[in-house]
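Listing of entry_19.cif, mmCIF, C-alpha atoms
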```
data_target
#
loop_
_atom_site.label_atom_id
_atom_site.label_comp_id
_atom_site.auth_asym_id
_atom_site.auth_seq_id
_atom_site.Cartn_x
_atom_site.Cartn_y
_atom_site.Cartn_z
CA MET A 1 17.71 -38.23 -146.62
CA ILE A 2 16.14 -41.40 -148.01
CA ILE A 3 19.64 -42.87 -148.05
CA ILE A 4 20.08 -41.92 -144.36
CA GLY A 5 16.80 -43.71 -143.65
CA GLY A 6 18.14 -46.70 -145.53
CA VAL A 7 21.33 -46.69 -143.50
CA LEU A 8 19.37 -46.60 -140.24
CA LEU A 9 17.24 -49.53 -141.45
CA TYR A 10 20.37 -51.43 -142.47
CA LEU A 11 21.98 -50.86 -139.04
CA GLY A 12 18.78 -51.99 -137.35
CA ILE A 13 17.89 -55.00 -139.49
CA ALA A 14 21.20 -56.38 -140.78
CA ARG A 15 23.45 -55.31 -137.91
CA LYS A 16 20.75 -55.77 -135.22
CA MET A 17 21.71 -52.47 -133.54
CA GLU A 18 18.79 -51.36 -131.37
CA PRO A 19 16.28 -52.51 -134.02
CA LEU A 20 13.31 -51.50 -131.86
CA LEU A 21 14.36 -47.87 -132.26
CA LEU A 22 16.16 -47.77 -135.56
CA VAL A 23 13.60 -49.64 -137.66
CA PRO A 24 10.67 -47.28 -136.86
CA ILE A 25 12.95 -44.23 -137.07
CA GLY A 26 14.55 -45.34 -140.35
CA PHE A 27 11.23 -46.13 -141.99
CA GLY A 28 9.81 -42.83 -140.76
CA VAL A 29 12.70 -40.99 -142.39
CA ILE A 30 11.98 -42.63 -145.73
CA LEU A 31 8.22 -42.01 -145.51
CA VAL A 32 8.49 -38.35 -144.69
CA ASN A 33 11.00 -37.59 -147.40
CA LEU A 34 8.78 -38.90 -150.20
CA PRO A 35 7.16 -35.82 -151.74
CA LEU A 36 3.48 -34.85 -151.31
CA GLY A 37 2.65 -37.53 -148.73
CA GLY A 38 1.31 -34.93 -146.34
CA LEU A 39 2.15 -36.92 -143.19
CA MET A 40 3.49 -33.87 -141.42
CA THR A 41 1.06 -31.30 -142.82
CA THR A 42 0.26 -28.44 -140.48
CA ILE A 43 -2.24 -25.65 -141.08
CA VAL A 44 -0.83 -22.25 -140.21
CA GLN A 45 -3.22 -19.31 -140.55
CA GLY A 46 -5.35 -21.14 -143.11
CA ASN A 47 -2.43 -22.30 -145.25
CA GLU A 48 -1.41 -25.95 -145.43
CA ILE A 49 2.33 -26.39 -145.07
CA GLU A 50 4.25 -29.60 -145.62
CA ALA A 51 6.19 -29.51 -142.37
CA TYR A 52 5.42 -29.45 -138.69
CA ALA A 53 4.95 -25.96 -137.32
CA VAL A 54 4.88 -25.31 -133.59
CA GLY A 55 2.05 -22.75 -133.66
CA GLY A 56 -0.09 -24.38 -136.34
CA GLU A 57 -2.94 -26.88 -136.31
CA PRO A 58 -1.71 -30.38 -137.24
CA ALA A 59 -3.54 -32.01 -140.17
CA GLY A 60 -1.38 -34.97 -141.18
CA LEU A 61 -1.28 -38.41 -139.57
CA ILE A 62 2.14 -38.02 -137.99
CA SER A 63 1.86 -34.33 -137.18
CA ARG A 64 -1.30 -35.16 -135.19
CA ILE A 65 0.33 -38.01 -133.29
CA PHE A 66 3.23 -35.71 -132.65
CA ARG A 67 1.14 -32.82 -131.40
CA TYR A 68 -1.18 -34.75 -129.09
CA GLY A 69 1.25 -37.47 -128.08
CA LEU A 70 4.62 -35.80 -127.88
CA ALA A 71 4.10 -32.06 -127.72
CA TRP A 72 1.45 -32.60 -125.05
CA GLU A 73 4.08 -34.66 -123.20
CA ILE A 74 1.93 -37.75 -122.93
CA ILE A 75 4.11 -40.32 -124.69
CA PRO A 76 7.47 -39.43 -123.07
CA CYS A 77 5.96 -39.49 -119.58
CA PHE A 78 4.18 -42.80 -120.08
CA ILE A 79 7.35 -44.30 -121.50
CA PHE A 80 8.76 -43.56 -118.07
CA LEU A 81 5.93 -45.56 -116.54
CA GLY A 82 7.06 -48.52 -118.65
CA LEU A 83 10.70 -47.91 -117.83
CA GLY A 84 9.85 -47.84 -114.14
CA ALA A 85 8.07 -51.17 -114.47
CA MET A 86 11.16 -52.61 -116.19
CA THR A 87 13.74 -51.19 -113.79
CA ASP A 88 15.19 -53.14 -110.92
CA PHE A 89 16.57 -50.68 -108.40
CA GLY A 90 18.05 -53.59 -106.45
CA PRO A 91 21.68 -52.99 -107.57
CA LEU A 92 21.36 -49.31 -106.68
CA ILE A 93 19.84 -50.01 -103.25
CA ALA A 94 22.48 -52.67 -102.59
CA ASN A 95 25.29 -50.24 -103.37
CA PRO A 96 24.08 -46.64 -102.90
CA LYS A 97 27.58 -45.33 -103.67
CA THR A 98 26.76 -45.86 -107.34
CA LEU A 99 24.25 -43.02 -107.04
CA ILE A 100 27.26 -40.69 -107.10
CA LEU A 101 28.40 -42.20 -110.40
CA GLY A 102 24.95 -41.69 -111.89
CA ALA A 103 25.12 -38.05 -110.85
CA GLY A 104 28.71 -37.67 -112.04
CA ALA A 105 27.87 -38.76 -115.53
CA GLN A 106 25.56 -35.76 -115.82
CA PHE A 107 28.59 -33.45 -116.00
CA GLY A 108 28.56 -33.94 -119.76
CA VAL A 109 25.08 -32.39 -119.82
CA TYR A 110 26.38 -29.18 -118.23
CA PHE A 111 29.59 -29.23 -120.25
CA ALA A 112 27.72 -29.35 -123.57
CA PHE A 113 25.31 -26.74 -122.22
CA PHE A 114 28.17 -24.26 -121.77
CA ILE A 115 29.76 -25.08 -125.12
CA ALA A 116 26.38 -24.51 -126.81
CA LEU A 117 26.06 -21.16 -125.02
CA LEU A 118 29.52 -20.17 -126.24
CA LEU A 119 28.55 -21.09 -129.78
CA GLY A 120 25.72 -18.60 -129.61
CA PHE A 121 22.69 -20.78 -128.91
CA THR A 122 20.11 -19.27 -126.56
CA ILE A 123 20.05 -20.53 -122.99
CA SER A 124 16.89 -22.62 -123.61
CA GLU A 125 18.38 -24.16 -126.73
CA ALA A 126 21.61 -24.90 -124.90
CA CYS A 127 19.68 -26.79 -122.19
CA SER A 128 17.99 -28.95 -124.80
CA ILE A 129 21.31 -29.70 -126.46
CA GLY A 130 23.07 -30.46 -123.18
CA ILE A 131 20.46 -32.95 -122.05
CA ILE A 132 21.32 -35.18 -125.03
CA GLY A 133 24.41 -36.07 -122.99
CA GLY A 134 22.19 -37.99 -120.60
CA ALA A 135 21.35 -40.33 -123.50
CA ASP A 136 17.75 -40.39 -122.43
CA GLY A 137 15.27 -40.07 -125.30
CA PRO A 138 11.99 -39.34 -123.48
CA THR A 139 13.61 -36.79 -121.16
CA THR A 140 15.25 -35.03 -124.11
CA ILE A 141 11.90 -34.77 -125.89
CA PHE A 142 10.19 -33.59 -122.72
CA LEU A 143 12.75 -30.87 -122.07
CA THR A 144 13.15 -29.66 -125.66
CA ASN A 145 9.41 -29.43 -126.04
CA ARG A 146 9.23 -27.18 -122.99
CA LEU A 147 12.22 -24.99 -123.74
CA ALA A 148 13.08 -25.01 -127.44
CA PRO A 149 10.28 -26.71 -129.38
CA HIS A 150 11.74 -25.75 -132.78
CA PHE A 151 14.69 -28.05 -132.05
CA ILE A 152 12.66 -31.08 -131.10
CA GLY A 153 13.38 -33.00 -134.29
CA ALA A 154 17.12 -32.54 -134.06
CA THR A 155 17.51 -33.24 -130.33
CA ALA A 156 15.14 -36.22 -130.33
CA VAL A 157 16.85 -37.83 -133.28
CA ALA A 158 20.26 -37.11 -131.78
CA ALA A 159 19.31 -38.61 -128.41
CA TYR A 160 17.83 -41.75 -129.92
CA THR A 161 20.62 -42.19 -132.43
CA TYR A 162 23.25 -41.87 -129.72
CA MET A 163 21.37 -44.29 -127.48
CA ALA A 164 21.52 -46.77 -130.33
CA LEU A 165 25.19 -45.95 -130.89
CA VAL A 166 26.21 -46.43 -127.24
CA PRO A 167 28.15 -49.61 -128.11
CA ILE A 168 30.16 -47.63 -130.67
CA ILE A 169 30.71 -44.29 -128.89
CA GLN A 170 31.51 -45.50 -125.38
CA PRO A 171 34.27 -48.12 -125.77
CA PRO A 172 36.91 -45.78 -127.29
CA VAL A 173 36.25 -43.16 -124.57
CA ILE A 174 36.51 -45.79 -121.85
CA LYS A 175 39.67 -47.27 -123.35
CA LEU A 176 41.29 -43.87 -123.58
CA LEU A 177 40.79 -43.21 -119.87
CA THR A 178 41.56 -46.61 -118.36
CA THR A 179 44.46 -49.03 -118.45
CA LYS A 180 43.92 -52.69 -119.22
CA LYS A 181 44.72 -53.40 -115.58
CA GLU A 182 41.97 -51.07 -114.38
CA ARG A 183 39.48 -52.61 -116.77
CA ALA A 184 40.40 -56.03 -115.41
CA ILE A 185 39.65 -55.06 -111.78
CA TYR A 186 37.59 -57.90 -110.43
CA MET A 187 34.36 -57.26 -108.58
CA LYS A 188 32.54 -60.03 -106.75
CA PRO A 189 29.44 -60.89 -108.78
CA GLN A 190 27.11 -61.17 -105.80
CA LEU A 191 25.62 -57.96 -104.52
CA ARG A 192 23.91 -57.81 -101.14
CA SER A 193 20.41 -59.20 -101.49
CA VAL A 194 17.83 -56.47 -101.15
CA SER A 195 14.63 -57.09 -99.18
CA LYS A 196 11.19 -56.64 -100.64
CA THR A 197 10.36 -53.90 -98.14
CA GLU A 198 13.37 -51.85 -99.28
CA LYS A 199 12.31 -52.27 -102.90
CA ILE A 200 8.76 -51.11 -102.17
CA LEU A 201 9.89 -48.15 -100.06
CA PHE A 202 12.48 -46.97 -102.60
CA PRO A 203 10.07 -45.57 -105.25
CA LEU A 204 7.98 -43.90 -102.54
CA ILE A 205 10.86 -42.24 -100.74
CA ALA A 206 12.72 -41.37 -103.94
CA SER A 207 9.69 -39.64 -105.49
CA ILE A 208 9.01 -37.65 -102.34
CA ILE A 209 12.61 -36.46 -101.99
CA ILE A 210 13.27 -35.74 -105.67
CA ILE A 211 9.97 -33.99 -106.37
CA LEU A 212 10.30 -31.82 -103.26
CA LEU A 213 13.83 -30.86 -104.31
CA VAL A 214 13.17 -30.50 -108.04
CA PRO A 215 9.41 -30.01 -108.48
CA LYS A 216 9.56 -29.72 -112.27
CA SER A 217 10.77 -33.30 -112.56
CA ALA A 218 7.42 -34.50 -111.20
CA PRO A 219 5.80 -35.76 -114.46
CA LEU A 220 8.78 -37.96 -115.35
CA ILE A 221 9.97 -39.04 -111.90
CA GLY A 222 6.39 -39.49 -110.72
CA LEU A 223 5.47 -41.91 -113.49
CA PHE A 224 8.88 -43.60 -113.37
CA MET A 225 8.51 -44.39 -109.68
CA PHE A 226 4.83 -45.28 -110.09
CA GLY A 227 5.80 -47.86 -112.71
CA ASN A 228 8.45 -49.20 -110.37
CA LEU A 229 5.96 -49.47 -107.50
CA LEU A 230 3.63 -51.49 -109.76
CA ARG A 231 6.56 -53.83 -110.36
CA GLU A 232 7.74 -54.18 -106.78
CA SER A 233 4.44 -54.17 -104.88
CA GLY A 234 3.93 -57.82 -105.77
CA VAL A 235 0.15 -57.42 -106.08
CA THR A 236 -0.08 -55.49 -109.35
CA ASP A 237 1.87 -57.80 -111.63
CA ARG A 238 -0.79 -57.53 -114.33
CA LEU A 239 -0.45 -53.77 -114.48
CA ALA A 240 3.33 -53.91 -114.32
CA ASP A 241 3.40 -56.49 -117.10
CA THR A 242 1.23 -54.36 -119.38
CA ALA A 243 3.21 -51.20 -118.60
CA ALA A 244 6.54 -52.88 -119.28
CA ASN A 245 5.54 -54.83 -122.39
CA ALA A 246 2.36 -54.17 -124.39
CA PHE A 247 1.95 -50.52 -123.44
CA MET A 248 5.64 -49.78 -123.83
CA ASN A 249 5.65 -51.36 -127.30
CA ILE A 250 2.69 -49.23 -128.41
CA LEU A 251 4.43 -46.08 -127.22
CA THR A 252 7.69 -47.11 -128.87
CA ILE A 253 5.92 -47.56 -132.21
CA LEU A 254 4.29 -44.12 -131.99
CA LEU A 255 7.43 -42.42 -130.77
CA GLY A 256 9.81 -44.10 -133.24
CA ILE A 257 7.81 -43.23 -136.32
CA CYS A 258 7.31 -39.65 -135.09
CA VAL A 259 11.01 -39.12 -134.46
CA GLY A 260 11.85 -40.51 -137.91
CA CYS A 261 9.30 -38.24 -139.57
CA PHE A 262 11.05 -35.27 -138.03
CA MET A 263 14.04 -35.92 -140.20
CA SER A 264 12.79 -34.29 -143.37
CA ALA A 265 15.46 -32.71 -145.53
CA GLU A 266 14.23 -29.16 -144.97
CA THR A 267 14.22 -29.36 -141.15
CA PHE A 268 17.21 -31.62 -140.78
CA LEU A 269 19.85 -30.50 -143.24
CA LYS A 270 20.35 -27.15 -141.58
CA VAL A 271 23.52 -25.90 -139.94
CA ASP A 272 21.78 -25.63 -136.57
CA SER A 273 20.51 -29.21 -136.64
CA LEU A 274 23.89 -30.56 -137.66
CA LEU A 275 25.52 -28.54 -134.89
CA VAL A 276 23.02 -30.03 -132.41
CA PHE A 277 24.10 -33.45 -133.61
CA ALA A 278 27.77 -32.64 -133.19
CA LEU A 279 27.28 -31.13 -129.72
CA GLY A 280 25.15 -34.11 -128.75
CA VAL A 281 28.01 -36.51 -129.30
CA VAL A 282 30.34 -34.19 -127.36
CA ALA A 283 27.84 -34.18 -124.48
CA PHE A 284 27.53 -37.93 -124.57
CA ALA A 285 31.25 -38.63 -124.75
CA THR A 286 31.98 -36.19 -121.90
CA SER A 287 29.30 -37.81 -119.74
CA THR A 288 30.98 -41.16 -120.30
CA ALA A 289 34.40 -39.68 -119.52
CA PHE A 290 33.28 -37.94 -116.33
CA GLY A 291 31.62 -41.12 -115.09
CA VAL A 292 34.85 -43.08 -115.56
CA LEU A 293 37.03 -40.37 -114.02
CA LEU A 294 34.72 -40.05 -111.03
CA ALA A 295 34.88 -43.80 -110.46
CA LYS A 296 38.69 -43.58 -110.54
CA LEU A 297 38.54 -40.72 -108.04
CA MET A 298 36.33 -42.80 -105.73
CA ASN A 299 38.92 -45.58 -105.91
CA LEU A 300 41.53 -43.24 -104.45
CA PHE A 301 39.48 -42.94 -101.28
CA SER A 302 37.96 -46.37 -100.83
CA LYS A 303 39.55 -49.62 -99.79
CA GLU A 304 37.44 -51.91 -101.93
CA LYS A 305 38.32 -50.91 -105.49
CA ILE A 306 35.56 -50.63 -108.04
CA ASN A 307 36.10 -51.22 -111.71
CA PRO A 308 36.20 -47.65 -113.12
CA MET A 309 34.27 -48.70 -116.20
CA ILE A 310 31.04 -48.91 -114.23
CA GLY A 311 31.19 -45.10 -114.05
CA ALA A 312 30.57 -45.04 -117.80
CA ALA A 313 27.24 -46.75 -117.14
CA GLY A 314 26.15 -43.58 -115.35
CA VAL A 315 24.68 -42.29 -118.60
CA SER A 316 21.07 -43.30 -118.59
CA ALA A 317 20.95 -45.49 -121.69
CA VAL A 318 19.49 -48.54 -119.90
CA PRO A 319 20.61 -51.23 -120.32
CA MET A 320 22.89 -50.48 -123.29
CA ALA A 321 25.58 -48.73 -121.27
CA ALA A 322 25.62 -51.47 -118.62
CA ARG A 323 25.91 -54.04 -121.36
CA VAL A 324 28.91 -52.25 -122.89
CA VAL A 325 30.63 -52.27 -119.49
CA GLN A 326 29.79 -55.91 -118.98
CA ARG A 327 31.23 -56.89 -122.34
CA MET A 328 34.41 -54.84 -121.94
CA GLY A 329 34.87 -56.14 -118.40
CA GLN A 330 34.66 -59.72 -119.59
CA GLN A 331 37.11 -59.00 -122.39
CA ALA A 332 39.66 -57.58 -119.98
CA ASN A 333 39.17 -60.35 -117.46
CA PRO A 334 37.02 -63.41 -118.22
CA ARG A 335 36.25 -63.80 -114.51
CA ASN A 336 34.53 -60.45 -114.43
CA PHE A 337 30.77 -60.12 -114.55
CA LEU A 338 30.04 -56.45 -114.05
CA LEU A 339 26.47 -56.36 -115.33
CA MET A 340 24.79 -55.98 -111.95
CA HIS A 341 27.43 -53.54 -110.73
CA ALA A 342 26.92 -51.43 -113.84
CA MET A 343 23.14 -51.48 -113.49
CA GLY A 344 23.44 -49.43 -110.27
CA PRO A 345 24.96 -46.31 -111.87
CA ASN A 346 22.86 -46.97 -114.96
CA VAL A 347 19.50 -46.64 -113.19
CA ALA A 348 20.94 -43.84 -111.06
CA GLY A 349 21.81 -42.12 -114.35
CA VAL A 350 18.15 -42.14 -115.38
CA ILE A 351 17.24 -40.41 -112.14
CA GLY A 352 20.17 -38.04 -112.65
CA THR A 353 19.17 -37.01 -116.16
CA VAL A 354 15.55 -36.43 -115.20
CA THR A 355 16.66 -34.35 -112.25
CA ALA A 356 18.98 -32.30 -114.49
CA ALA A 357 16.05 -31.70 -116.85
CA GLY A 358 13.88 -30.64 -113.90
CA ILE A 359 16.56 -28.19 -112.77
CA PHE A 360 16.80 -26.66 -116.27
CA ILE A 361 13.02 -26.29 -116.52
CA GLY A 362 12.81 -24.87 -113.00
CA MET A 363 15.47 -22.28 -113.82
CA LEU A 364 13.94 -21.13 -117.06
CA THR A 365 10.17 -21.15 -116.59
CA MET B 1 46.28 -80.82 -111.45
CA ALA B 2 44.44 -77.84 -110.11
CA GLN B 3 40.71 -77.52 -110.54
CA GLU B 4 38.61 -74.42 -110.79
CA ARG B 5 34.88 -74.26 -110.11
CA VAL B 6 33.11 -71.80 -112.37
CA GLU B 7 29.90 -70.44 -110.83
CA PHE B 8 26.97 -68.55 -112.29
CA PRO B 9 27.26 -64.85 -111.43
CA ILE B 10 23.53 -64.22 -111.79
CA THR B 11 20.27 -66.11 -111.98
CA GLY B 12 18.96 -66.82 -115.45
CA LYS B 13 18.03 -69.38 -118.09
CA ILE B 14 20.49 -71.36 -120.20
CA ILE B 15 20.18 -70.65 -123.92
CA SER B 16 22.86 -73.00 -125.14
CA VAL B 17 25.86 -74.93 -123.89
CA SER B 18 29.03 -74.64 -125.97
CA VAL B 19 31.29 -77.24 -124.35
CA SER B 20 30.91 -80.75 -123.05
CA GLN B 21 32.81 -82.99 -120.67
CA GLY B 22 36.36 -83.45 -121.91
CA SER B 23 36.38 -80.29 -124.07
CA VAL B 24 39.67 -78.39 -124.07
CA VAL B 25 39.10 -74.66 -123.55
CA GLU B 26 41.27 -71.56 -123.72
CA GLU B 27 40.96 -68.70 -121.26
CA GLY B 28 38.06 -66.53 -122.40
CA ASP B 29 36.25 -69.25 -124.37
CA THR B 30 32.46 -69.31 -124.04
CA LEU B 31 31.18 -72.12 -121.83
CA CYS B 32 27.49 -71.38 -122.20
CA LEU B 33 25.03 -68.59 -122.99
CA LEU B 34 22.81 -67.41 -120.17
CA GLU B 35 19.70 -65.31 -120.65
CA SER B 36 19.28 -62.88 -117.81
CA MET B 37 17.70 -59.43 -117.60
CA LYS B 38 16.49 -59.88 -121.21
CA MET B 39 20.09 -60.15 -122.41
CA GLU B 40 22.27 -62.91 -123.72
CA ASN B 41 25.27 -63.22 -121.45
CA PRO B 42 28.17 -65.50 -122.36
CA ILE B 43 29.77 -67.26 -119.40
CA LEU B 44 33.50 -67.46 -120.11
CA ALA B 45 36.23 -69.83 -119.03
CA PRO B 46 38.44 -68.09 -116.43
CA VAL B 47 41.36 -70.41 -117.17
CA GLY B 48 42.51 -72.61 -120.04
CA GLY B 49 42.23 -76.36 -119.42
CA THR B 50 39.98 -79.36 -119.73
CA VAL B 51 36.31 -79.36 -118.75
CA VAL B 52 35.94 -82.24 -116.30
CA GLU B 53 32.42 -81.56 -115.13
CA ILE B 54 29.51 -79.81 -116.81
CA ASN B 55 25.91 -80.71 -116.35
CA LEU B 56 23.71 -78.19 -118.08
CA SER B 57 21.09 -78.23 -120.78
CA ALA B 58 19.28 -75.55 -122.76
CA GLU B 59 16.16 -74.02 -121.13
CA GLN B 60 17.42 -74.95 -117.68
CA VAL B 61 16.89 -72.26 -115.02
CA VAL B 62 19.99 -71.66 -112.93
CA GLU B 63 20.63 -69.76 -109.69
CA ALA B 64 23.45 -67.36 -108.93
CA GLY B 65 26.24 -69.34 -107.30
CA GLY B 66 25.23 -72.57 -109.05
CA LEU B 67 27.89 -74.65 -110.81
CA VAL B 68 28.64 -73.95 -114.45
CA ALA B 69 31.59 -76.29 -114.87
CA VAL B 70 34.75 -77.56 -113.29
CA ILE B 71 37.89 -76.94 -115.31
CA GLU B 72 41.11 -78.83 -114.67
CA TYR B 73 44.34 -77.13 -115.63
#
```
Starting from the file, lay out its structure as structure tokens.
Amino acid sequence: MIIIGGVLLYLGIARKMEPLLLVPIGFGVILVNLPLGGLMTTIVQGNEIEAYAVGGEPAGLISRIFRYGLAWEIIPCFIFLGLGAMTDFGPLIANPKTLILGAGAQFGVYFAFFIALLLGFTISEACSIGIIGGADGPTTIFLTNRLAPHFIGATAVAAYTYMALVPIIQPPVIKLLTTKKERAIYMKPQLRSVSKTEKILFPLIASIIIILLVPKSAPLIGLFMFGNLLRESGVTDRLADTAANAFMNILTILLGICVGCFMSAETFLKVDSLLVFALGVVAFATSTAFGVLLAKLMNLFSKEKINPMIGAAGVSAVPMAARVVQRMGQQANPRNFLLMHAMGPNVAGVIGTVTAAGIFIGMLT
Amino acid sequence: MAQERVEFPITGKIISVSVSQGSVVEEGDTLCLLESMKMENPILAPVGGTVVEINLSAEQVVEAGGLVAVIEY
């Protein structure tokens, strides 16, 4: 396991792959796998045990942060506040069609959910595994904690690892499903300019509609849209700036080290955890594939062709997935600049994944 | 000789400029690096040819639709 930690650190530091996630996670993995450190100690019925236990009283540094920050759902929800303050819904408002792509890319979530059920996982466990396909770390933690807390280490690590691996997992899937000609489809770089009023109204209207439809998504969607309102209102720049930068960084530090510390040999090297990892990548690859296929389907019915790759950005790894599409679009056709087009499905994907999580929780609790 | 105007697709800040007036570029070569949305975005040459006009410097803030370069081919 220490070697795995080392590999994550190498990928983060030397290869510069998502260092903000991989460095804390990698170091956490190393720390927790050194014997007798007691970082994850939990007291269960008067006995100290060296690993996190759902029912016990946390007594180690990391197990405490985990219990009161993550298990109490504070960190994942506030990360959404920061994400909201960083997100520009402009591309989505300018081209609402992309909302469909963001929803389409959630098919992978349901696909992996059914596969997990077939493999004999319980329905709650299957939900937690499926949601990895959304490539959304905080949502995965939020959902797993509600439905299958014993899996939280495996699903959280899987979600964050796959988010970091977006640039490696997505391109082969996209290439398999598109021809070079489709990838080269040119889209005008300029989107319609979106007025300030629209941008202020969007978080308000979106939270009202989504929370009324899927009440259990309220903690995540509520804070996400609140963060976005801070950004767009124009009068709370100080709050938006803190939410998007300083506060977000603090939460990332706490979350990263916690996730890493969940990869101890005894909890991680189990058949179940490895299966979660394998199903996670299936979920993620299917989400990418469905996004692309849906975009191709939309092209059959619309006059103005879209580049089908932007469907792949419907997974909610913001902005990694949009960046992959942008890079591949430029490779296929140097005139292409798909970044803003890909950001539409990308931010829609975040909403989609949170909604899917809300539906799962609503069904099962 | 035909000329092509290359325009900035989005607003951002120039990080570095890779070509200068008179440079010969191939299709897909990087003209400059633009920082936008906290990302480094290379702006590529849409055609191969000679750069006849480029007037950019690092740190400069540019608008979408602004001129990157004129390439003659």
>> Which residues are near Leu339 of chain A? Cut-off 7 Å, only C-alpha atoms, ignore same chain within fewer than 2 positions. Put them as a VMD selection string.
In response: chain A and resid 322 to 323 326 337 341 to 343
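Proximity ranking of B:Gly28, B:Gly65, B:Gly12, B:Gly22 relative to Glu40 of chain B places B:Gly12 first, based on all atoms listed in the file.
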> Where does the PyMOL selection byres ((chain A) within 9 of (chain B)) land in this file, that is, which residues does it pick, as a VMD selection string?
Replying inline: chain A and resid 188 to 190 323 326 to 327 330 to 331 333 to 337 340
>> Residues near segment 232-235 of chain A, anyone? I mean within 8 Å using all atoms listed in the file, not counting same-chain ones fewer than 3 positions away, as a list in words.
In response: Lys196, Lys199, Ile200, Asn228 and Leu229 of chain A
>> Can you tell me which residues surround segment 67-72 of chain B at a distance of at most 6 Å, considering all atoms listed in the file, apart from same-chain residues fewer than 6 positions away, and format the answer as a ChimeraX atom specification?
In response: /B:2-7,49-54
Put those residues in a file: C-alpha atoms, as an mmCIF file, in the frame of the given file.
```cif
data_model
loop_
_atom_site.group_PDB
_atom_site.id
_atom_site.type_symbol
_atom_site.label_atom_id
_atom_site.label_comp_id
_atom_site.auth_asym_id
_atom_site.auth_seq_id
_atom_site.Cartn_x
_atom_site.Cartn_y
_atom_site.Cartn_z
ATOM 1 C CA ALA B 2 44.440 -77.840 -110.110
ATOM 2 C CA GLN B 3 40.710 -77.520 -110.540
ATOM 3 C CA GLU B 4 38.610 -74.420 -110.790
ATOM 4 C CA ARG B 5 34.880 -74.260 -110.110
ATOM 5 C CA VAL B 6 33.110 -71.800 -112.370
ATOM 6 C CA GLU B 7 29.900 -70.440 -110.830
ATOM 7 C CA GLY B 49 42.230 -76.360 -119.420
ATOM 8 C CA THR B 50 39.980 -79.360 -119.730
ATOM 9 C CA VAL B 51 36.310 -79.360 -118.750
ATOM 10 C CA VAL B 52 35.940 -82.240 -116.300
ATOM 11 C CA GLU B 53 32.420 -81.560 -115.130
ATOM 12 C CA ILE B 54 29.510 -79.810 -116.810
#
```
>> Can you measure atom CA of Ser273 of chain A to atom CA of Asn249 of chain A for me? One decimal in Å is fine.
In response: 28.3 Å
